[in-house]
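Text of the file final_7.txt, holding compact mmCIF, C-alpha atoms:
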```txt
# COMPACT_ATOMS: atom_id res chain seq x y z
CA GLY A 26 11.30 40.04 -3.88
CA LYS A 27 11.78 36.60 -5.40
CA PRO A 28 13.65 33.88 -3.48
CA SER A 29 16.38 33.87 -6.15
CA SER A 30 17.44 37.43 -5.39
CA ARG A 31 17.58 39.06 -1.97
CA ASP A 32 15.85 36.18 -0.26
CA GLY A 33 18.27 33.61 -1.48
CA VAL A 34 38.86 50.12 14.65
CA GLY A 35 41.73 50.30 16.14
CA GLY A 36 43.99 47.34 15.68
CA GLY A 37 43.90 43.94 17.29
CA ALA A 38 41.18 41.68 18.58
CA ALA A 39 39.39 44.55 20.31
CA ALA A 40 38.17 45.65 16.92
CA ALA A 41 36.39 42.35 16.20
CA VAL A 42 32.62 42.52 16.47
CA ALA A 43 30.44 40.02 18.27
CA SER A 44 28.56 37.81 15.83
CA SER A 45 25.20 38.22 17.57
CA PRO A 46 24.69 41.82 18.68
CA ILE A 47 21.74 42.44 20.96
CA ARG A 48 18.63 43.59 19.11
CA ARG A 49 15.50 44.97 20.66
CA ALA A 50 12.12 43.93 19.32
CA GLY A 51 10.61 45.98 16.52
CA ALA A 52 12.25 48.67 14.48
CA PHE A 53 15.28 50.82 15.05
CA ASP A 54 14.38 54.14 16.67
CA ASN A 55 14.76 56.08 13.41
CA ALA A 56 12.60 53.84 11.20
CA ILE A 57 10.27 55.74 8.90
CA PRO A 58 6.57 55.94 9.94
CA GLU A 59 5.54 53.38 7.30
CA TYR A 60 7.41 50.72 9.28
CA ALA A 61 4.40 50.49 11.58
CA SER A 62 2.55 48.66 8.79
CA TYR A 63 5.19 45.91 8.74
CA VAL A 64 6.34 45.68 12.36
CA ASP A 65 4.34 42.49 13.00
CA LYS A 66 5.40 40.80 9.75
CA ALA A 67 7.96 37.99 9.69
CA LYS A 68 11.52 39.34 9.42
CA ARG A 69 14.55 37.88 7.64
CA ARG A 70 17.36 39.64 9.46
CA GLY A 71 19.95 36.98 8.72
CA THR A 72 23.17 36.29 10.63
CA PRO A 73 26.22 38.56 10.47
CA PRO A 74 29.59 37.05 9.50
CA LYS A 75 31.63 35.99 12.52
CA ASP A 76 34.72 37.90 11.37
CA LEU A 77 33.50 41.49 11.15
CA GLY A 78 35.82 44.18 12.48
CA VAL A 79 39.47 44.96 11.81
CA LEU A 80 41.34 41.67 11.63
CA LYS A 81 44.26 40.09 9.78
CA ARG A 82 43.30 39.78 6.08
CA THR A 83 45.17 38.35 3.11
CA ILE A 84 44.48 39.17 -0.55
CA ASN A 85 45.83 37.67 -3.80
CA GLU A 86 46.18 34.22 -2.22
CA GLN A 87 45.13 32.40 -5.40
CA SER A 88 46.58 34.90 -7.86
CA ILE A 89 49.11 33.90 -10.52
CA ASP A 90 50.31 37.43 -11.26
CA ALA A 91 49.96 39.24 -7.91
CA ASP A 92 51.81 38.48 -4.70
CA PRO A 93 49.84 37.75 -1.50
CA VAL A 94 49.50 40.74 0.84
CA THR A 95 48.52 40.51 4.52
CA PHE A 96 47.26 43.53 6.45
CA SER A 97 44.84 44.62 9.17
CA GLY A 98 41.51 45.49 7.62
CA LEU A 99 37.85 44.85 7.03
CA ARG A 100 36.33 41.71 5.59
CA GLY A 101 36.10 41.38 1.81
CA CYS A 102 33.06 40.24 -0.20
CA ASP A 103 32.27 36.76 -1.52
CA GLY A 104 31.48 37.69 -5.11
CA LYS A 105 27.72 38.07 -4.79
CA PRO A 106 26.26 41.33 -6.16
CA ASN A 107 25.14 42.46 -2.71
CA CYS A 108 28.34 43.82 -1.17
CA PHE A 109 31.13 46.36 -1.57
CA SER A 110 34.46 46.44 0.27
CA THR A 111 37.82 48.14 0.08
CA THR A 112 39.33 44.68 0.74
CA GLY A 113 39.75 42.53 -2.35
CA ASP A 114 42.30 41.05 -4.73
CA SER A 115 44.47 43.54 -6.58
CA LEU A 116 43.67 42.33 -10.10
CA LEU A 117 40.21 42.39 -11.69
CA GLU A 118 40.91 39.05 -13.37
CA ASP A 119 41.30 37.47 -9.93
CA ARG A 120 38.29 39.20 -8.37
CA ILE A 121 35.84 38.03 -11.03
CA LEU A 122 36.84 34.39 -10.57
CA THR A 123 34.51 34.27 -7.55
CA GLY A 124 31.70 36.44 -8.95
CA VAL A 125 31.16 40.10 -9.69
CA ASP A 126 33.70 42.82 -8.94
CA THR A 127 32.88 44.36 -5.55
CA LEU A 128 36.12 46.23 -4.80
CA ILE A 129 35.97 49.96 -4.08
CA SER A 130 38.73 52.44 -3.27
CA PRO A 131 39.32 53.76 0.25
CA TRP A 132 37.59 57.03 1.12
CA ARG A 133 40.15 59.83 1.44
CA PRO A 134 39.60 62.82 3.75
CA PRO A 135 40.93 66.30 2.96
CA ALA A 136 44.27 67.23 4.48
CA ASP A 137 42.73 70.10 6.46
CA ASP A 138 40.26 67.90 8.40
CA PRO A 139 41.77 67.54 11.89
CA ALA A 140 39.47 64.66 12.88
CA PRO A 141 38.39 62.81 9.72
CA PHE A 142 36.94 59.78 11.44
CA LYS A 143 34.68 61.96 13.55
CA THR A 144 33.56 63.73 10.37
CA LEU A 145 32.78 60.36 8.80
CA ALA A 146 30.87 59.12 11.85
CA SER A 147 28.79 62.30 11.89
CA ALA A 148 27.95 61.90 8.20
CA VAL A 149 26.81 58.32 8.75
CA LYS A 150 24.64 59.29 11.71
CA GLU A 151 22.99 62.04 9.64
CA TYR A 152 21.91 59.50 7.01
CA LYS A 153 18.16 59.67 6.28
CA PRO A 154 16.33 56.32 6.48
CA GLY A 155 13.98 55.91 3.55
CA GLN A 156 16.07 58.03 1.16
CA SER A 157 15.83 56.68 -2.38
CA PHE A 158 13.24 54.23 -1.01
CA ILE A 159 15.75 52.15 0.96
CA ASP A 160 16.57 51.48 4.63
CA GLY A 161 13.05 52.28 5.80
CA GLY A 162 13.58 50.18 8.93
CA GLY A 163 16.19 52.66 10.09
CA PHE A 164 19.69 52.05 11.39
CA ALA A 165 21.68 51.86 14.60
CA VAL A 166 25.34 52.13 15.58
CA VAL A 167 26.43 48.79 17.04
CA LYS A 168 30.08 49.63 17.79
CA GLU A 169 32.03 52.86 17.63
CA THR A 170 35.63 53.68 18.56
CA ASP A 171 38.03 56.43 17.48
CA SER A 172 38.92 54.39 14.38
CA TYR A 173 36.08 51.90 13.78
CA LEU A 174 32.36 52.23 13.14
CA TYR A 175 29.86 49.38 12.70
CA VAL A 176 26.28 50.21 11.76
CA GLN A 177 23.29 47.98 10.97
CA PHE A 178 20.67 49.14 8.44
CA GLU A 179 17.23 47.54 8.17
CA ALA A 180 14.96 47.16 5.14
CA LEU A 181 11.37 48.39 5.47
CA LYS A 182 9.26 45.32 4.74
CA LYS A 183 11.11 42.09 5.43
CA GLY A 184 13.63 43.37 7.95
CA TYR A 185 16.76 42.47 6.02
CA ILE A 186 19.83 43.69 7.93
CA ASP A 187 22.88 45.03 6.11
CA ASP A 188 26.21 45.29 7.95
CA VAL A 189 28.17 48.48 7.23
CA GLU A 190 31.67 49.15 8.58
CA PHE A 191 34.25 51.91 8.38
CA ALA A 192 37.81 51.74 9.70
CA MET A 193 40.98 53.80 9.83
CA ALA A 194 43.38 50.90 10.25
CA GLY A 195 46.47 52.73 8.97
CA GLY A 196 47.52 56.33 8.64
CA ARG A 197 45.14 58.89 7.18
CA GLU A 198 47.11 58.81 3.94
CA GLN A 199 45.79 55.26 3.44
CA GLY A 200 42.23 56.49 3.66
CA ILE A 201 39.18 55.01 5.33
CA GLN A 202 38.36 51.36 4.75
CA VAL A 203 34.69 50.69 3.91
CA ARG A 204 32.45 47.62 3.74
CA SER A 205 28.68 47.50 3.11
CA SER A 206 27.04 44.11 2.69
CA SER A 207 23.74 42.28 2.78
CA ARG A 208 23.46 39.14 4.87
CA VAL A 209 20.71 37.40 2.93
CA GLY A 210 20.21 36.54 -0.73
CA GLN A 211 22.05 36.90 -4.01
CA THR A 212 21.46 40.50 -5.12
CA ASP A 213 20.57 43.58 -3.07
CA PHE A 214 18.50 45.47 -5.69
CA GLY A 215 21.22 48.13 -5.66
CA VAL A 216 20.75 49.03 -1.99
CA ASN A 217 24.40 48.92 -0.89
CA ALA A 218 25.48 51.17 -3.77
CA ILE A 219 22.67 53.66 -3.11
CA ARG A 220 23.53 53.80 0.59
CA LEU A 221 27.27 54.27 0.16
CA ASN A 222 26.76 56.85 -2.59
CA ALA A 223 24.44 58.86 -0.34
CA ILE A 224 26.92 58.93 2.55
CA ALA A 225 29.80 59.63 0.18
CA ALA A 226 28.00 62.58 -1.41
CA SER A 227 27.70 64.33 1.95
CA LEU A 228 31.42 63.83 2.56
CA ARG A 229 32.44 65.00 -0.91
CA ALA A 230 30.75 68.29 -0.07
CA LYS A 231 33.30 68.56 2.76
CA GLY A 232 36.25 67.94 0.47
CA TRP A 233 36.56 64.15 0.66
CA ALA A 234 37.79 62.19 -2.39
CA ILE A 235 35.41 59.26 -2.89
CA ASP A 236 34.67 57.44 -6.13
CA GLU A 237 30.98 57.13 -6.92
CA ILE A 238 29.71 53.57 -7.48
CA THR A 239 28.11 53.52 -10.95
CA PRO A 240 27.23 51.11 -13.78
CA LYS A 241 30.54 52.14 -15.36
CA THR A 242 32.59 51.18 -12.30
CA HIS A 243 30.66 48.00 -11.39
CA GLN A 244 28.72 46.93 -14.47
CA ASP A 245 27.87 43.37 -13.40
CA TYR A 246 26.62 44.47 -9.98
CA PHE A 247 24.19 46.95 -11.53
CA TYR A 248 23.03 44.47 -14.16
CA ALA A 249 22.16 41.98 -11.40
CA ALA A 250 20.31 44.70 -9.48
CA ASP A 251 18.31 45.76 -12.54
CA ASP A 252 17.53 42.18 -13.45
CA ALA A 253 16.16 41.53 -9.95
CA ARG A 254 14.11 44.74 -9.98
CA ASP A 255 12.66 43.78 -13.34
CA GLN A 256 11.59 40.31 -12.23
CA THR A 257 10.38 40.96 -8.69
CA PHE A 258 6.68 40.97 -7.85
CA ASP A 259 7.34 43.81 -5.37
CA LYS A 260 6.82 46.95 -7.46
CA ASP A 261 8.19 49.08 -4.60
CA ARG A 262 11.64 47.70 -5.52
CA ARG A 263 11.40 49.69 -8.76
CA LYS A 264 10.59 53.03 -7.11
CA GLY A 265 13.00 55.78 -8.04
CA THR A 266 14.64 53.69 -10.79
CA GLU A 267 14.38 53.69 -14.58
CA MET A 268 12.13 50.63 -14.29
CA GLU A 269 9.44 52.38 -12.28
CA ASN A 270 7.62 53.15 -15.54
CA GLY A 271 9.30 50.70 -17.91
CA ARG A 272 10.95 47.27 -17.96
CA MET A 273 14.10 45.65 -19.30
CA ASP A 274 14.27 44.64 -22.95
CA ARG A 275 14.58 40.86 -23.08
CA PRO A 276 15.06 38.69 -26.17
CA ALA A 277 12.06 36.65 -27.23
CA ILE A 278 12.41 32.91 -26.57
CA GLY A 279 11.12 30.38 -29.11
```
Let me see the structure of the file written as structure tokens.
Amino acid sequence: GKPSSRDGVGGGAAAAVASSPIRRAGAFDNAIPEYASYVDKAKRRGTPPKDLGVLKRTINEQSIDADPVTFSGLRGCDGKPNCFSTTGDSLLEDRILTGVDTLISPWRPPADDPAPFKTLASAVKEYKPGQSFIDGGGFAVVKETDSYLYVQFEALKKGYIDDVEFAMAGGREQGIQVRSSSRVGQTDFGVNAIRLNAIAASLRAKGWAIDEITPKTHQDYFYAADDARDQTFDKDRRKGTEMENGRMDRPAIG
């Protein structure tokens, strides 16, 4: 990709995640076979935020029309079109002051699931690296408890690492908190949406209520992803998208 795009738990402290988890050399164990062609290439894994995990969060701090709310939860996003989180300001007008809207609703399990977090963890672990041409470097669970799951996903070529978290910080009626975010760059070429939608689809089949992330729900995010796909020199970024055989219509200049 171009430098301007992607290159650019229970409660309490026990749920916080170390900022520098131990990584072995090479790929995750479930990387697709094509990773062998890139294993010796330079990687841009990036650095995870220091405040991952379930911690004290406050939303609506700068809002004029919504009162501040403090709760235990996952980290929000910073407005770049490379992240989604169930933590964010209540009002759209406040969220878009810092960038694109990246708020999603909590994932809600069916009432008849006796162990919803175990169901969620199983669905995440059954994820197929390389599906929809993403996450070819595989993934690994970094931390798992009865109410918190932290997984790292790796891109095929340049080794970008995305941090993905799930937490049941309140009662099941509050749903599962979710965060999926890239560490490096401005846009993610749609990767975080594709990944969350894939995991969500497997849970919907088990009766979960999860909103799909679409251009209708997050228009600016998808526009940024399409714009990056259109301009990148890496044609593999366009695989499986509408731009694989066509490009964006752009106004003539001059």
Fill in: Selected residue, from A:Gly162, A:Gly210, A:Gly215, A:Gly113, that lies nearest to Val64 in chain A when counting all atoms listed in the file
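Closest to Val64 in chain A of all the choices is A:Gly162.
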Practice prompt. Tell me which of A:Leu99, A:Ile121, A:Ala192, A:Ile235 sits closest to Arg82 in chain A, counting only C-alpha atoms.
Written response: A:Leu99
Discussion item. Ranking A:Ile201, A:Val209, A:Ala67, A:Val94 by minimum distance to Lys81 in chain A and counting all atoms listed in the file, which one comes first?
Written reply: A:Val94
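With all atoms listed in the file as the basis for measurement, A:Arg120 is the residue among A:Lys66, A:Arg208, A:Arg120, A:Lys105 that approaches Ile84 in chain A most closely.
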Discussion item. Please report the interatomic distance between CA of Val149 in chain A and CA of Trp132 in chain A in Å with one decimal.
Written reply: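 These two atoms are separated by 13.3 Å.
With CA of Thr112 in chain A on one side and CA of Pro73 in chain A on the other, the separation reads 17.4 Å.
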Per-residue nearest contacts of range 49-141 of chain A to range 218-229 of chain A (10 Å; all atoms listed in the file) as a tab-separated table:
```
residue	atom	partner	partner_atom	distance
A:Asn107	CA	A:Ala218	CA	8.8
A:Cys108	CA	A:Ala218	CA	8.3
A:Phe109	CA	A:Ala218	CA	7.7
A:Trp132	CA	A:Ala225	CA	8.3
A:Arg133	CA	A:Arg229	CA	9.6
A:Pro134	CA	A:Leu228	CA	8.3
A:Pro135	CA	A:Arg229	CA	9.4
```
Would you write out those residues with C-alpha atoms, as a PDB file, keeping the file's coordinate frame?
```pdb
ATOM      1  CA  ASN A 107      25.140  42.460  -2.710  1.00  0.00           C
ATOM      2  CA  CYS A 108      28.340  43.820  -1.170  1.00  0.00           C
ATOM      3  CA  PHE A 109      31.130  46.360  -1.570  1.00  0.00           C
ATOM      4  CA  TRP A 132      37.590  57.030   1.120  1.00  0.00           C
ATOM      5  CA  ARG A 133      40.150  59.830   1.440  1.00  0.00           C
ATOM      6  CA  PRO A 134      39.600  62.820   3.750  1.00  0.00           C
ATOM      7  CA  PRO A 135      40.930  66.300   2.960  1.00  0.00           C
TER       8      PRO A 135
END
```
Worksheet item: Residues at most 12 Å from Asp114 in chain A, counting all atoms listed in the file, excluding those fewer than 5 positions away in the same chain, as a list in words?
Response: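 Near neighbours after the sequence-gap exclusion: Arg82, Thr83, Ile84, Asn85, Glu86, Gln87, Ser88, Ile89, Asp90, Ala91, Asp92, Pro93, Val94, Thr95, Arg100, Gly101, Cys102, Asp103, Gly104, Asp119, Arg120, Ile121, Leu122, Thr123, Asp126, Thr127, Leu128 and Ile129 of chain A.
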Worksheet item: Hey, which of A:Lys183, A:Lys168, A:Arg254, A:Lys153 ends up closest to Phe214 in chain A? Count only C-alpha atoms.
Response: A:Arg254
Fill in: Nearest to Val166 in chain A, chosen from A:Asp54, A:Glu59, A:Asp65, A:Asp245, with all atoms listed in the file counted in the distances
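Ranked by minimum distance to Val166 in chain A, first place goes to A:Asp54.
Counting from CA of Val203 in chain A, the distance to CA of Phe191 in chain A is 4.7 Å.
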Output range 141-152 of chain A with all heavy atoms present, as a PDB file, keeping the file's coordinate frame.
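Output (part.pdb):
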```
ATOM      1  N   PRO A 141      39.185  63.358  10.811  1.00  0.00           N
ATOM      2  CA  PRO A 141      38.390  62.810   9.720  1.00  0.00           C
ATOM      3  C   PRO A 141      37.437  61.692  10.124  1.00  0.00           C
ATOM      4  O   PRO A 141      36.342  61.584   9.572  1.00  0.00           O
ATOM      5  CB  PRO A 141      39.449  62.312   8.725  1.00  0.00           C
ATOM      6  CG  PRO A 141      40.695  62.171   9.519  1.00  0.00           C
ATOM      7  CD  PRO A 141      40.629  63.216  10.572  1.00  0.00           C
ATOM      8  N   PHE A 142      37.843  60.871  11.085  1.00  0.00           N
ATOM      9  CA  PHE A 142      36.940  59.780  11.440  1.00  0.00           C
ATOM     10  C   PHE A 142      35.699  60.285  12.165  1.00  0.00           C
ATOM     11  O   PHE A 142      34.606  59.735  12.006  1.00  0.00           O
ATOM     12  CB  PHE A 142      37.658  58.708  12.279  1.00  0.00           C
ATOM     13  CG  PHE A 142      37.022  57.349  12.130  1.00  0.00           C
ATOM     14  CD1 PHE A 142      37.303  56.559  11.028  1.00  0.00           C
ATOM     15  CD2 PHE A 142      36.114  56.877  13.058  1.00  0.00           C
ATOM     16  CE1 PHE A 142      36.693  55.318  10.855  1.00  0.00           C
ATOM     17  CE2 PHE A 142      35.500  55.648  12.901  1.00  0.00           C
ATOM     18  CZ  PHE A 142      35.793  54.862  11.795  1.00  0.00           C
ATOM     19  N   LYS A 143      35.850  61.348  12.929  1.00  0.00           N
ATOM     20  CA  LYS A 143      34.680  61.960  13.550  1.00  0.00           C
ATOM     21  C   LYS A 143      33.767  62.572  12.494  1.00  0.00           C
ATOM     22  O   LYS A 143      32.537  62.505  12.603  1.00  0.00           O
ATOM     23  CB  LYS A 143      35.118  63.042  14.560  1.00  0.00           C
ATOM     24  CG  LYS A 143      35.707  62.487  15.844  1.00  0.00           C
ATOM     25  CD  LYS A 143      35.999  63.603  16.835  1.00  0.00           C
ATOM     26  CE  LYS A 143      36.529  63.042  18.152  1.00  0.00           C
ATOM     27  NZ  LYS A 143      36.820  64.129  19.136  1.00  0.00           N
ATOM     28  N   THR A 144      34.357  63.176  11.478  1.00  0.00           N
ATOM     29  CA  THR A 144      33.560  63.730  10.370  1.00  0.00           C
ATOM     30  C   THR A 144      32.781  62.626   9.683  1.00  0.00           C
ATOM     31  O   THR A 144      31.594  62.773   9.371  1.00  0.00           O
ATOM     32  CB  THR A 144      34.487  64.422   9.355  1.00  0.00           C
ATOM     33  OG1 THR A 144      35.207  65.469  10.015  1.00  0.00           O
ATOM     34  CG2 THR A 144      33.678  65.008   8.204  1.00  0.00           C
ATOM     35  N   LEU A 145      33.449  61.500   9.427  1.00  0.00           N
ATOM     36  CA  LEU A 145      32.780  60.360   8.800  1.00  0.00           C
ATOM     37  C   LEU A 145      31.640  59.849   9.669  1.00  0.00           C
ATOM     38  O   LEU A 145      30.516  59.640   9.176  1.00  0.00           O
ATOM     39  CB  LEU A 145      33.801  59.242   8.579  1.00  0.00           C
ATOM     40  CG  LEU A 145      33.228  57.884   8.196  1.00  0.00           C
ATOM     41  CD1 LEU A 145      32.745  57.889   6.763  1.00  0.00           C
ATOM     42  CD2 LEU A 145      34.224  56.771   8.426  1.00  0.00           C
ATOM     43  N   ALA A 146      31.908  59.648  10.962  1.00  0.00           N
ATOM     44  CA  ALA A 146      30.870  59.120  11.850  1.00  0.00           C
ATOM     45  C   ALA A 146      29.660  60.045  11.885  1.00  0.00           C
ATOM     46  O   ALA A 146      28.508  59.585  11.892  1.00  0.00           O
ATOM     47  CB  ALA A 146      31.443  58.920  13.250  1.00  0.00           C
ATOM     48  N   SER A 147      29.895  61.343  11.890  1.00  0.00           N
ATOM     49  CA  SER A 147      28.790  62.300  11.890  1.00  0.00           C
ATOM     50  C   SER A 147      27.969  62.200  10.617  1.00  0.00           C
ATOM     51  O   SER A 147      26.739  62.249  10.644  1.00  0.00           O
ATOM     52  CB  SER A 147      29.325  63.724  12.057  1.00  0.00           C
ATOM     53  OG  SER A 147      29.935  63.894  13.320  1.00  0.00           O
ATOM     54  N   ALA A 148      28.653  62.023   9.475  1.00  0.00           N
ATOM     55  CA  ALA A 148      27.950  61.900   8.200  1.00  0.00           C
ATOM     56  C   ALA A 148      27.085  60.652   8.168  1.00  0.00           C
ATOM     57  O   ALA A 148      25.953  60.673   7.659  1.00  0.00           O
ATOM     58  CB  ALA A 148      28.950  61.877   7.051  1.00  0.00           C
ATOM     59  N   VAL A 149      27.595  59.558   8.711  1.00  0.00           N
ATOM     60  CA  VAL A 149      26.810  58.320   8.750  1.00  0.00           C
ATOM     61  C   VAL A 149      25.585  58.491   9.630  1.00  0.00           C
ATOM     62  O   VAL A 149      24.470  58.076   9.272  1.00  0.00           O
ATOM     63  CB  VAL A 149      27.689  57.146   9.253  1.00  0.00           C
ATOM     64  CG1 VAL A 149      26.837  55.894   9.452  1.00  0.00           C
ATOM     65  CG2 VAL A 149      28.833  56.870   8.282  1.00  0.00           C
ATOM     66  N   LYS A 150      25.766  59.129  10.776  1.00  0.00           N
ATOM     67  CA  LYS A 150      24.640  59.290  11.710  1.00  0.00           C
ATOM     68  C   LYS A 150      23.586  60.261  11.193  1.00  0.00           C
ATOM     69  O   LYS A 150      22.441  60.237  11.654  1.00  0.00           O
ATOM     70  CB  LYS A 150      25.180  59.763  13.070  1.00  0.00           C
ATOM     71  CG  LYS A 150      26.036  58.717  13.777  1.00  0.00           C
ATOM     72  CD  LYS A 150      26.706  59.285  15.007  1.00  0.00           C
ATOM     73  CE  LYS A 150      27.672  58.285  15.624  1.00  0.00           C
ATOM     74  NZ  LYS A 150      28.397  58.852  16.791  1.00  0.00           N
ATOM     75  N   GLU A 151      23.952  61.108  10.232  1.00  0.00           N
ATOM     76  CA  GLU A 151      22.990  62.040   9.640  1.00  0.00           C
ATOM     77  C   GLU A 151      22.249  61.441   8.445  1.00  0.00           C
ATOM     78  O   GLU A 151      21.395  62.100   7.841  1.00  0.00           O
ATOM     79  CB  GLU A 151      23.730  63.313   9.188  1.00  0.00           C
ATOM     80  CG  GLU A 151      24.237  64.146  10.357  1.00  0.00           C
ATOM     81  CD  GLU A 151      25.191  65.250   9.917  1.00  0.00           C
ATOM     82  OE1 GLU A 151      25.434  65.363   8.685  1.00  0.00           O
ATOM     83  OE2 GLU A 151      25.708  65.968  10.787  1.00  0.00           O
ATOM     84  N   TYR A 152      22.568  60.188   8.112  1.00  0.00           N
ATOM     85  CA  TYR A 152      21.910  59.500   7.010  1.00  0.00           C
ATOM     86  C   TYR A 152      20.394  59.449   7.247  1.00  0.00           C
ATOM     87  O   TYR A 152      19.935  59.241   8.373  1.00  0.00           O
ATOM     88  CB  TYR A 152      22.479  58.090   6.920  1.00  0.00           C
ATOM     89  CG  TYR A 152      21.877  57.203   5.851  1.00  0.00           C
ATOM     90  CD1 TYR A 152      22.342  57.241   4.540  1.00  0.00           C
ATOM     91  CD2 TYR A 152      20.866  56.295   6.164  1.00  0.00           C
ATOM     92  CE1 TYR A 152      21.809  56.404   3.567  1.00  0.00           C
ATOM     93  CE2 TYR A 152      20.336  55.462   5.198  1.00  0.00           C
ATOM     94  CZ  TYR A 152      20.806  55.523   3.909  1.00  0.00           C
ATOM     95  OH  TYR A 152      20.266  54.698   2.942  1.00  0.00           O
TER      96      TYR A 152
END
```
